[in-house]
Amino acid sequence: MANDTERSFDVIVIGLGPGGEHVAGTLAERGLSVLGVDRRLVGGECPYWGCIPSKMMVRAADALAEARRVDGLAGSVGQVTADWSVVAKRIREEATDTWNDQVAVDRLTGKGATFVRGTGSISGPGRVDVDGTAYTATKGIVVGTGTATVVPGVDGLADTPYWTNHEIIEAAELPASLVVLGGGAIGCELSQAVARFGVDVTIVEAADRILAYEEPEASDVLRTALEADGVTVLEGVGAEKVRHDGSSFTVHLADGSTLTAEKLLVAAGRRADPAAVGLDRVGVPEDARTASVDDRCRVTDGVWAVGDITGRGAFTHVSMYQAGIVIRDILGDDGPPAEYAALPRVTFTDPEIGAVGMTEKQARDSMADVRVGVTPLGETTRGWIARAEGFIKVVADAERGVLVGATTMGPAGGEVLGALAVAVHGEVPVDRLRSMIYAYPTLHRGIEDALGRLA
C-alpha cells in the first residue's frame with residue numbers, strides 16, 4: 001500500500017488531452033513530480049476521435065471529390081469508386097493504434113510523470129481523489145477534462161443506439177443512410193465526408209441555419225455545397241421524437257414530417273462539467289457550464305484549467321496555448337498573459353471555412369462604427385481559374401482603423417486565414433494592410449480586394 005509520501009506530488013493534472021498532457025510532460029521534464037490522471041485515453045479526444053481521424057476522413061472524401069472534378073477541367077477519369085475500408089484501416093492502424101494509448105502513456109511516463117488511469121476529482125484545496133485513493137498536490141492542480149457530447153432531451157433518443165462522433169469514427173463500415181442531429185462544425189464535416197462515400201445523409205438543424213456561429217455567407221455557401229454532394233439540409237426544424245425498431249431509426253420532426261435512416265448521429269454540440277471534476281469545491285458555482293479563468297488560466301490559488309472546460313474555444317490549439325501559459329505560471333517564468341481577441345477556428349468542409357475574431361454581428365453589437373468588406377472568391381483571379389466557391393470577408397472597427405474579425409472560405413480556407421489572424425492579433429492598421437504587396441495570382445490576394453471594399 002502506498003504511503004503518504006508516494007501519494008504526494010508537486011502538481012496533479014486531471015485530464016490528459018493535448019493541453020493536460022503537455023502540462024504534465026513538460027513540468028516533469030523540468031524536474032517537478034507530476035501525477036497525470038485520466039479515465040480514458042492519454043491524448044484525449046483529438047488523436048482518437050477528433051481532429052486527427054476525422055481529418056483522415058475529410059482528406060479521403062476530398063480526394064474523391066477532386067477526382068470527380070476532372071470532368072470539365074482536365075478530361076475524364078471514368079468512374080470513381082469509393083472504398084471506405086481504406087479510410088477505416090488508416091484510422092485504426094495509423095491514427096489510433098485501434099484506440100490503444102500505450103504509446104502516449106509511455107511518452108508521458110518517459111518524461112518522468114506518474115500516470116494513473118481513473119476518475120479524478122478535486123476533494124479540497126491541494127487534494128485530489130482518484131477512485132477512492134487520496135493524493136496531495138503541493139504546488140497546484142491543473143484541470144483539463146474537456147467536454148462530452150450533448151445529447152438533446154428528445155423523446156426516446158436516450159433509449160436508442162445512436163452514434164456520437166466516437167461511433168462514426170470507429171465504424172468499419174458505413175451505413176446506407178444517416179440522419180445527423182446538429183448542423184455545427186462536427187455535423188457538417190462528418191456529413192459531407194460520408195456523403196461522398198455514398199451515404200444518404202440528412203442534417204436536421206433546429207437553428208435558422210447550419211453553422212449558426214459563423215457568418216451567414218458561410219452558411220449559404222456550405223448549404224449549396226452540401227446539397228451538391230447529395231446531403232439534405234433541413235434548417236429551422238428540430239426533432240421531437242426518436243424511435244428505433246431494431247434495424248432503423250425513425251425521427252419525428254417538429255413540422256410533422258418523419259425521417260427514416262439506418263443510423264442516427266448526434267452532433268448537437270459538446271458540454272463541459274466543472275462540478276464533475278470537483279471544481280465546485282474550490283469556488284466554481286456548482287451549476288457553472290465552464291470554469292472561469294484569469295489571464296494566467298488560474299481558476300483560484302493553486303488551481304489552473306486548460307482547454308474546453310475554460311469556455312475559451314473548443315479547439316486543440318487553444319488548449320495547447322493555455323498549457324504553455326500554465327507551465328510558465330507554475331514555474332514562475334515571465335510571459336505574456338492569455339489573449340483571445342484573435343481566436344482562430346477552421347471548419348474542414350469543402351469549401352473550407354477559416355475564421356478569426358469577431359463576426360460582423362458580434363462587432364456591430366459592441367462597436368459604434370463597423371465597416372465590412374466581402375470579396376467572392378470567384379471574382380479573384382485564382383478563384384476564377386480554379387472555379388472556386390467561397391469568399392473573403394473582413395470586419396473592421398472604423399474608429400481604431402483595425403480589423404477585428406475575418407472569414408476566409410474556399411480551397412485551403414484555413415491556410416488563407418493565417419495572414420488575417422496575424423492582422424487581427426497584431427492590430428495592424430487597415431491602411432498598412434492595404435499598402436502590402438500581395439502575391440499574384442494567389443487566393444490570399446483576395447484579402448487586398450476585400451480591404452478595398454470596406455464600406
# chains A, B, ... in the order shown; residues from 1 in each chain; ligands from 1
>>> select_by_dssp(residues="segment 235-365 of chain A", states="strand (DSSP E or B)", output="PyMOL selection string")
chain A and resi 235+239-244+249-253+258-261+263-266+270-271+298-300+303-305+344-347+352-357
>>> residues_around(residues="Gly126 of chain A", least_positions_apart="3", cutoff="7 Å", atoms="only C-alpha atoms", output="PyMOL selection string")
chain A and resi 136-138+140-141
>>> residues_around(residues="Ser33 of chain A", least_positions_apart="6", cutoff="10 Å", atoms="only C-alpha atoms", output="PyMOL selection string")
chain A and resi 8-12+24+27+112-114+137-139
>>> write_last_selection(atoms="N, CA and C atoms", output="mmCIF file, in the first residue's frame")
data_model
loop_
_atom_site.group_PDB
_atom_site.id
_atom_site.type_symbol
_atom_site.label_atom_id
_atom_site.label_comp_id
_atom_site.auth_asym_id
_atom_site.auth_seq_id
_atom_site.Cartn_x
_atom_site.Cartn_y
_atom_site.Cartn_z
ATOM 1 N N SER A 8 2.038 12.032 -2.678
ATOM 2 C CA SER A 8 2.206 13.485 -2.722
ATOM 3 C C SER A 8 3.041 13.866 -3.939
ATOM 4 N N PHE A 9 2.546 14.854 -4.684
ATOM 5 C CA PHE A 9 3.226 15.314 -5.889
ATOM 6 C C PHE A 9 3.273 16.838 -5.892
ATOM 7 N N ASP A 10 4.191 17.387 -6.662
ATOM 8 C CA ASP A 10 4.199 18.842 -6.816
ATOM 9 C C ASP A 10 2.932 19.301 -7.534
ATOM 10 N N VAL A 11 2.612 18.630 -8.647
ATOM 11 C CA VAL A 11 1.463 19.014 -9.474
ATOM 12 C C VAL A 11 0.670 17.767 -9.846
ATOM 13 N N ILE A 12 -0.645 17.891 -9.783
ATOM 14 C CA ILE A 12 -1.533 16.835 -10.265
ATOM 15 C C ILE A 12 -2.339 17.390 -11.439
ATOM 16 N N ALA A 24 1.637 18.180 -18.049
ATOM 17 C CA ALA A 24 2.222 17.120 -17.214
ATOM 18 C C ALA A 24 3.608 16.734 -17.696
ATOM 19 N N LEU A 27 6.270 19.794 -17.266
ATOM 20 C CA LEU A 27 6.655 20.021 -15.867
ATOM 21 C C LEU A 27 7.498 18.877 -15.331
ATOM 22 N N GLY A 112 9.041 11.376 -17.155
ATOM 23 C CA GLY A 112 9.191 11.417 -15.706
ATOM 24 C C GLY A 112 7.908 11.557 -14.921
ATOM 25 N N ALA A 113 6.769 11.654 -15.599
ATOM 26 C CA ALA A 113 5.489 11.786 -14.906
ATOM 27 C C ALA A 113 4.982 10.415 -14.458
ATOM 28 N N THR A 114 4.130 10.425 -13.445
ATOM 29 C CA THR A 114 3.434 9.219 -12.998
ATOM 30 C C THR A 114 2.023 9.254 -13.579
ATOM 31 N N ALA A 137 -1.322 17.677 -3.787
ATOM 32 C CA ALA A 137 -0.505 18.471 -4.704
ATOM 33 C C ALA A 137 0.050 19.647 -3.929
ATOM 34 N N THR A 138 1.365 19.739 -3.840
ATOM 35 C CA THR A 138 1.976 20.800 -3.025
ATOM 36 C C THR A 138 2.049 22.135 -3.768
ATOM 37 N N LYS A 139 2.136 22.095 -5.102
ATOM 38 C CA LYS A 139 2.209 23.334 -5.883
ATOM 39 C C LYS A 139 0.888 23.675 -6.571
#
>>> residues_around(residues="Glu427 of chain A", least_positions_apart="2", cutoff="12 Å", atoms="only C-alpha atoms", output="mmCIF file with C-alpha atoms, in the first residue's frame")
data_model
loop_
_atom_site.group_PDB
_atom_site.id
_atom_site.type_symbol
_atom_site.label_atom_id
_atom_site.label_comp_id
_atom_site.auth_asym_id
_atom_site.auth_seq_id
_atom_site.Cartn_x
_atom_site.Cartn_y
_atom_site.Cartn_z
ATOM 1 C CA ALA A 341 -9.379 38.523 -29.313
ATOM 2 C CA ALA A 342 -7.770 36.814 -32.309
ATOM 3 C CA GLY A 357 -12.006 37.203 -34.076
ATOM 4 C CA ALA A 396 -13.110 46.477 -39.227
ATOM 5 C CA ASP A 397 -13.514 48.820 -36.279
ATOM 6 C CA ARG A 400 -9.499 52.429 -34.496
ATOM 7 C CA GLY A 401 -8.811 51.590 -38.127
ATOM 8 C CA VAL A 402 -8.046 47.916 -37.469
ATOM 9 C CA LEU A 403 -9.581 44.570 -38.324
ATOM 10 C CA VAL A 404 -11.463 42.827 -35.523
ATOM 11 C CA GLY A 405 -12.555 39.752 -37.469
ATOM 12 C CA LEU A 420 -5.714 37.770 -41.321
ATOM 13 C CA ALA A 421 -5.137 36.103 -37.951
ATOM 14 C CA VAL A 422 -1.828 37.964 -37.708
ATOM 15 C CA ALA A 423 -3.567 41.208 -38.692
ATOM 16 C CA VAL A 424 -6.272 40.845 -36.040
ATOM 17 C CA HIS A 425 -3.890 39.702 -33.320
ATOM 18 C CA PRO A 429 -3.763 49.265 -39.241
ATOM 19 C CA VAL A 430 -6.028 48.720 -42.246
ATOM 20 C CA ASP A 431 -4.077 51.350 -44.205
ATOM 21 C CA ARG A 432 -0.927 49.341 -43.578
ATOM 22 C CA LEU A 433 -2.599 46.150 -44.805
#
>>> atom_distance(atom1="atom CA of Lys55 of chain A", atom2="atom CA of Phe348 of chain A")
7.6 Å
>>> closest_atom_pairs(of="segment 56-136 of chain A", to="segment 376-390 of chain A", cutoff="12 Å", atoms="only C-alpha atoms", output="tab-separated table")
residue	atom	partner	partner_atom	distance
A:Glu66	CA	A:Ala386	CA	11.5
A:Arg69	CA	A:Arg387	CA	10.3
A:Val70	CA	A:Ala386	CA	11.6
A:Gly72	CA	A:Arg387	CA	10.5
A:Leu73	CA	A:Ala386	CA	8.9
A:Ala74	CA	A:Ala386	CA	11.7
>>> write_last_selection(atoms="N, CA and C atoms", output="PDB file, in the first residue's frame")
ATOM      1  N   GLU A  66     -12.283  15.658 -55.693  1.00  0.00           N
ATOM      2  CA  GLU A  66     -11.360  16.212 -56.685  1.00  0.00           C
ATOM      3  C   GLU A  66     -11.315  15.335 -57.929  1.00  0.00           C
ATOM      4  N   ARG A  69     -14.041  16.011 -60.166  1.00  0.00           N
ATOM      5  CA  ARG A  69     -14.000  17.331 -60.802  1.00  0.00           C
ATOM      6  C   ARG A  69     -13.132  17.358 -62.057  1.00  0.00           C
ATOM      7  N   VAL A  70     -12.499  16.256 -62.375  1.00  0.00           N
ATOM      8  CA  VAL A  70     -11.658  16.219 -63.567  1.00  0.00           C
ATOM      9  C   VAL A  70     -12.479  16.548 -64.809  1.00  0.00           C
ATOM     10  N   GLY A  72     -14.591  18.425 -67.164  1.00  0.00           N
ATOM     11  CA  GLY A  72     -14.814  19.853 -67.297  1.00  0.00           C
ATOM     12  C   GLY A  72     -13.588  20.684 -67.021  1.00  0.00           C
ATOM     13  N   LEU A  73     -12.556  20.047 -66.422  1.00  0.00           N
ATOM     14  CA  LEU A  73     -11.309  20.771 -66.154  1.00  0.00           C
ATOM     15  C   LEU A  73     -10.133  20.168 -66.901  1.00  0.00           C
ATOM     16  N   ALA A  74     -10.091  18.822 -66.942  1.00  0.00           N
ATOM     17  CA  ALA A  74      -8.879  18.195 -67.469  1.00  0.00           C
ATOM     18  C   ALA A  74      -9.140  16.958 -68.304  1.00  0.00           C
TER      19      ALA A  74
END
>>> atom_distance(atom1="atom CA of Ser85 of chain A", atom2="atom CA of Thr149 of chain A")
26.1 Å
>>> atom_distance(atom1="atom CA of Pro337 of chain A", atom2="atom CA of Arg296 of chain A")
5.8 Å
>>> closest_atom_pairs(of="segment 112-180 of chain A", to="segment 312-328 of chain A", cutoff="12 Å", atoms="only C-alpha atoms", output="JSON lines")
{"residue": "A:Lys139", "atom": "CA", "partner": "A:Ile327", "partner_atom": "CA", "distance": 11.9}
{"residue": "A:Gly140", "atom": "CA", "partner": "A:Val326", "partner_atom": "CA", "distance": 10.6}
{"residue": "A:Ile141", "atom": "CA", "partner": "A:Val326", "partner_atom": "CA", "distance": 10.5}
{"residue": "A:Val142", "atom": "CA", "partner": "A:Val326", "partner_atom": "CA", "distance": 8.3}
{"residue": "A:Val143", "atom": "CA", "partner": "A:Ala323", "partner_atom": "CA", "distance": 10.4}
{"residue": "A:Gly144", "atom": "CA", "partner": "A:Ser319", "partner_atom": "CA", "distance": 8.2}
{"residue": "A:Thr145", "atom": "CA", "partner": "A:Ser319", "partner_atom": "CA", "distance": 10.8}
{"residue": "A:Gly146", "atom": "CA", "partner": "A:Ala314", "partner_atom": "CA", "distance": 8.4}
{"residue": "A:Thr147", "atom": "CA", "partner": "A:Ala314", "partner_atom": "CA", "distance": 8.5}
{"residue": "A:Ala148", "atom": "CA", "partner": "A:Ala314", "partner_atom": "CA", "distance": 11.2}
>>> select_by_dssp(residues="segment 30-229 of chain A", states="helix (DSSP H, G or I)", output="VMD selection string")
chain A and resid 45 to 49 51 to 68 84 to 95 102 to 110 157 to 159 165 to 170 185 to 195 216 to 228
>>> write_last_selection(atoms="C-alpha atoms", output="PDB file, in the first residue's frame")
ATOM      1  CA  GLU A  45     -10.411  13.355 -27.891  1.00  0.00           C
ATOM      2  CA  CYS A  46      -8.226  14.869 -30.608  1.00  0.00           C
ATOM      3  CA  PRO A  47      -5.991  11.947 -31.651  1.00  0.00           C
ATOM      4  CA  TYR A  48      -8.568   9.187 -31.201  1.00  0.00           C
ATOM      5  CA  TRP A  49     -11.991  10.585 -32.159  1.00  0.00           C
ATOM      6  CA  CYS A  51      -9.078  16.229 -35.244  1.00  0.00           C
ATOM      7  CA  ILE A  52      -6.718  13.508 -36.459  1.00  0.00           C
ATOM      8  CA  PRO A  53      -9.036  10.653 -37.560  1.00  0.00           C
ATOM      9  CA  SER A  54     -11.825  12.961 -38.711  1.00  0.00           C
ATOM     10  CA  LYS A  55      -9.417  14.832 -40.972  1.00  0.00           C
ATOM     11  CA  MET A  56      -8.319  11.495 -42.430  1.00  0.00           C
ATOM     12  CA  MET A  57     -11.983  11.050 -43.357  1.00  0.00           C
ATOM     13  CA  VAL A  58     -12.163  14.568 -44.763  1.00  0.00           C
ATOM     14  CA  ARG A  59      -8.951  14.177 -46.779  1.00  0.00           C
ATOM     15  CA  ALA A  60     -10.174  10.926 -48.299  1.00  0.00           C
ATOM     16  CA  ALA A  61     -13.570  12.409 -49.137  1.00  0.00           C
ATOM     17  CA  ASP A  62     -11.935  15.485 -50.676  1.00  0.00           C
ATOM     18  CA  ALA A  63      -9.784  13.223 -52.859  1.00  0.00           C
ATOM     19  CA  LEU A  64     -12.937  11.590 -54.195  1.00  0.00           C
ATOM     20  CA  ALA A  65     -14.486  14.985 -54.893  1.00  0.00           C
ATOM     21  CA  GLU A  66     -11.360  16.212 -56.685  1.00  0.00           C
ATOM     22  CA  ALA A  67     -11.294  13.114 -58.877  1.00  0.00           C
ATOM     23  CA  ARG A  68     -14.906  13.747 -59.839  1.00  0.00           C
ATOM     24  CA  TRP A  84     -14.434   3.164 -47.021  1.00  0.00           C
ATOM     25  CA  SER A  85     -12.334   0.203 -45.831  1.00  0.00           C
ATOM     26  CA  VAL A  86      -9.171   2.073 -46.862  1.00  0.00           C
ATOM     27  CA  VAL A  87     -10.092   5.007 -44.618  1.00  0.00           C
ATOM     28  CA  ALA A  88     -11.177   2.796 -41.712  1.00  0.00           C
ATOM     29  CA  LYS A  89      -7.862   0.921 -41.895  1.00  0.00           C
ATOM     30  CA  ARG A  90      -5.843   4.159 -41.812  1.00  0.00           C
ATOM     31  CA  ILE A  91      -7.816   5.432 -38.827  1.00  0.00           C
ATOM     32  CA  ARG A  92      -7.449   2.149 -36.989  1.00  0.00           C
ATOM     33  CA  GLU A  93      -3.787   1.415 -37.758  1.00  0.00           C
ATOM     34  CA  GLU A  94      -2.119   4.772 -38.415  1.00  0.00           C
ATOM     35  CA  ALA A  95      -4.036   7.212 -36.241  1.00  0.00           C
ATOM     36  CA  GLN A 102       0.139   2.725 -24.722  1.00  0.00           C
ATOM     37  CA  VAL A 103       2.422   4.831 -26.922  1.00  0.00           C
ATOM     38  CA  ALA A 104       1.020   8.006 -25.349  1.00  0.00           C
ATOM     39  CA  VAL A 105       1.314   6.587 -21.818  1.00  0.00           C
ATOM     40  CA  ASP A 106       4.935   5.636 -22.479  1.00  0.00           C
ATOM     41  CA  ARG A 107       5.600   9.086 -23.908  1.00  0.00           C
ATOM     42  CA  LEU A 108       4.265  10.696 -20.725  1.00  0.00           C
ATOM     43  CA  THR A 109       5.961   8.415 -18.224  1.00  0.00           C
ATOM     44  CA  GLY A 110       9.154   8.572 -20.273  1.00  0.00           C
ATOM     45  CA  LEU A 157     -33.487   9.325 -28.061  1.00  0.00           C
ATOM     46  CA  ALA A 158     -31.655   8.137 -24.941  1.00  0.00           C
ATOM     47  CA  ASP A 159     -33.124   4.646 -25.330  1.00  0.00           C
ATOM     48  CA  ASN A 165     -18.510  11.157 -33.150  1.00  0.00           C
ATOM     49  CA  HIS A 166     -16.883   8.146 -31.452  1.00  0.00           C
ATOM     50  CA  GLU A 167     -19.005   5.528 -33.192  1.00  0.00           C
ATOM     51  CA  ILE A 168     -18.796   7.073 -36.639  1.00  0.00           C
ATOM     52  CA  ILE A 169     -15.021   7.467 -36.371  1.00  0.00           C
ATOM     53  CA  GLU A 170     -14.712   3.828 -35.284  1.00  0.00           C
ATOM     54  CA  ALA A 185     -18.883  22.111 -37.499  1.00  0.00           C
ATOM     55  CA  ILE A 186     -18.778  18.445 -36.455  1.00  0.00           C
ATOM     56  CA  GLY A 187     -22.122  17.598 -38.028  1.00  0.00           C
ATOM     57  CA  CYS A 188     -21.292  19.313 -41.315  1.00  0.00           C
ATOM     58  CA  GLU A 189     -17.776  17.904 -41.628  1.00  0.00           C
ATOM     59  CA  LEU A 190     -18.825  14.313 -40.980  1.00  0.00           C
ATOM     60  CA  SER A 191     -21.986  14.601 -43.099  1.00  0.00           C
ATOM     61  CA  GLN A 192     -20.105  15.781 -46.166  1.00  0.00           C
ATOM     62  CA  ALA A 193     -17.342  13.208 -45.718  1.00  0.00           C
ATOM     63  CA  VAL A 194     -19.606  10.155 -45.539  1.00  0.00           C
ATOM     64  CA  ALA A 195     -21.966  11.501 -48.212  1.00  0.00           C
ATOM     65  CA  PRO A 216     -24.357  33.926 -42.755  1.00  0.00           C
ATOM     66  CA  GLU A 217     -22.479  33.908 -46.054  1.00  0.00           C
ATOM     67  CA  ALA A 218     -20.582  30.809 -44.906  1.00  0.00           C
ATOM     68  CA  SER A 219     -23.821  29.019 -44.079  1.00  0.00           C
ATOM     69  CA  ASP A 220     -25.243  29.835 -47.510  1.00  0.00           C
ATOM     70  CA  VAL A 221     -22.206  28.666 -49.467  1.00  0.00           C
ATOM     71  CA  LEU A 222     -21.826  25.495 -47.428  1.00  0.00           C
ATOM     72  CA  ARG A 223     -25.506  24.599 -47.721  1.00  0.00           C
ATOM     73  CA  THR A 224     -25.181  24.737 -51.510  1.00  0.00           C
ATOM     74  CA  ALA A 225     -22.006  22.646 -51.405  1.00  0.00           C
ATOM     75  CA  LEU A 226     -23.567  20.017 -49.158  1.00  0.00           C
ATOM     76  CA  GLU A 227     -26.623  19.751 -51.353  1.00  0.00           C
ATOM     77  CA  ALA A 228     -24.358  19.305 -54.381  1.00  0.00           C
TER      78      ALA A 228
END
>>> residues_around(residues="Arg39 of chain A", least_positions_apart="3", cutoff="6 Å", atoms="only C-alpha atoms", output="list in words")
Arg117, Gly118 and Thr119 of chain A
>>> write_last_selection(atoms="N, CA and C atoms", output="PDB file, in the first residue's frame")
ATOM      1  N   ARG A 117      -4.669   5.657 -14.296  1.00  0.00           N
ATOM      2  CA  ARG A 117      -5.907   5.654 -15.056  1.00  0.00           C
ATOM      3  C   ARG A 117      -7.074   5.545 -14.083  1.00  0.00           C
ATOM      4  N   GLY A 118      -7.934   6.551 -14.090  1.00  0.00           N
ATOM      5  CA  GLY A 118      -9.070   6.568 -13.186  1.00  0.00           C
ATOM      6  C   GLY A 118      -9.778   7.904 -13.264  1.00  0.00           C
ATOM      7  N   THR A 119     -10.842   8.042 -12.498  1.00  0.00           N
ATOM      8  CA  THR A 119     -11.624   9.268 -12.461  1.00  0.00           C
ATOM      9  C   THR A 119     -11.128  10.147 -11.330  1.00  0.00           C
TER      10      THR A 119
END
>>> closest_residue(among="A:Gly31, A:Gly36, A:Gly373, A:Pro161", to="Leu454 of chain A", atoms="only C-alpha atoms")
A:Gly373
>>> residues_around(residues="Val282 of chain A", least_positions_apart="2", cutoff="10 Å", atoms="only C-alpha atoms", output="list in words")
Ile122, Ser123, Gly124, Pro125, Gly126, Ala275, Gly278, Leu279, Asp280, Val284, Pro285, Val299, Thr300, Asp301, Gly302 and Val303 of chain A
>>> write_last_selection(atoms="N, CA and C atoms", output="mmCIF file, in the first residue's frame")
data_model
loop_
_atom_site.group_PDB
_atom_site.id
_atom_site.type_symbol
_atom_site.label_atom_id
_atom_site.label_comp_id
_atom_site.auth_asym_id
_atom_site.auth_seq_id
_atom_site.Cartn_x
_atom_site.Cartn_y
_atom_site.Cartn_z
ATOM 1 N N ILE A 122 -11.285 16.893 -7.608
ATOM 2 C CA ILE A 122 -10.731 17.716 -6.529
ATOM 3 C C ILE A 122 -11.591 17.532 -5.289
ATOM 4 N N SER A 123 -10.966 17.145 -4.182
ATOM 5 C CA SER A 123 -11.710 16.935 -2.940
ATOM 6 C C SER A 123 -11.546 18.100 -1.973
ATOM 7 N N GLY A 124 -10.647 19.014 -2.295
ATOM 8 C CA GLY A 124 -10.403 20.190 -1.469
ATOM 9 C C GLY A 124 -9.133 20.867 -1.946
ATOM 10 N N PRO A 125 -8.737 21.997 -1.365
ATOM 11 C CA PRO A 125 -7.509 22.683 -1.784
ATOM 12 C C PRO A 125 -6.304 21.746 -1.714
ATOM 13 N N GLY A 126 -5.661 21.563 -2.860
ATOM 14 C CA GLY A 126 -4.464 20.731 -2.902
ATOM 15 C C GLY A 126 -4.728 19.245 -2.758
ATOM 16 N N ALA A 275 -18.318 20.705 -12.221
ATOM 17 C CA ALA A 275 -18.623 20.087 -10.931
ATOM 18 C C ALA A 275 -18.192 18.625 -10.902
ATOM 19 N N GLY A 278 -14.904 18.321 -9.507
ATOM 20 C CA GLY A 278 -14.739 18.886 -8.177
ATOM 21 C C GLY A 278 -14.380 20.350 -8.138
ATOM 22 N N LEU A 279 -14.508 21.056 -9.245
ATOM 23 C CA LEU A 279 -14.164 22.478 -9.232
ATOM 24 C C LEU A 279 -15.133 23.295 -8.388
ATOM 25 N N ASP A 280 -16.322 22.744 -8.128
ATOM 26 C CA ASP A 280 -17.253 23.443 -7.230
ATOM 27 C C ASP A 280 -16.726 23.480 -5.802
ATOM 28 N N VAL A 284 -15.900 27.326 -7.917
ATOM 29 C CA VAL A 284 -16.680 27.402 -9.154
ATOM 30 C C VAL A 284 -18.123 27.027 -8.828
ATOM 31 N N PRO A 285 -19.107 27.835 -9.240
ATOM 32 C CA PRO A 285 -20.509 27.508 -8.953
ATOM 33 C C PRO A 285 -20.864 26.104 -9.426
ATOM 34 N N VAL A 299 -7.931 29.258 -12.005
ATOM 35 C CA VAL A 299 -9.300 29.220 -11.510
ATOM 36 C C VAL A 299 -9.352 29.885 -10.143
ATOM 37 N N THR A 300 -8.383 29.555 -9.321
ATOM 38 C CA THR A 300 -8.193 30.134 -7.994
ATOM 39 C C THR A 300 -6.763 29.834 -7.591
ATOM 40 N N ASP A 301 -6.342 30.239 -6.413
ATOM 41 C CA ASP A 301 -4.972 29.967 -5.977
ATOM 42 C C ASP A 301 -4.710 28.459 -5.984
ATOM 43 N N GLY A 302 -3.683 28.064 -6.710
ATOM 44 C CA GLY A 302 -3.297 26.662 -6.721
ATOM 45 C C GLY A 302 -4.096 25.780 -7.657
ATOM 46 N N VAL A 303 -5.002 26.358 -8.455
ATOM 47 C CA VAL A 303 -5.788 25.573 -9.405
ATOM 48 C C VAL A 303 -5.810 26.297 -10.744
#
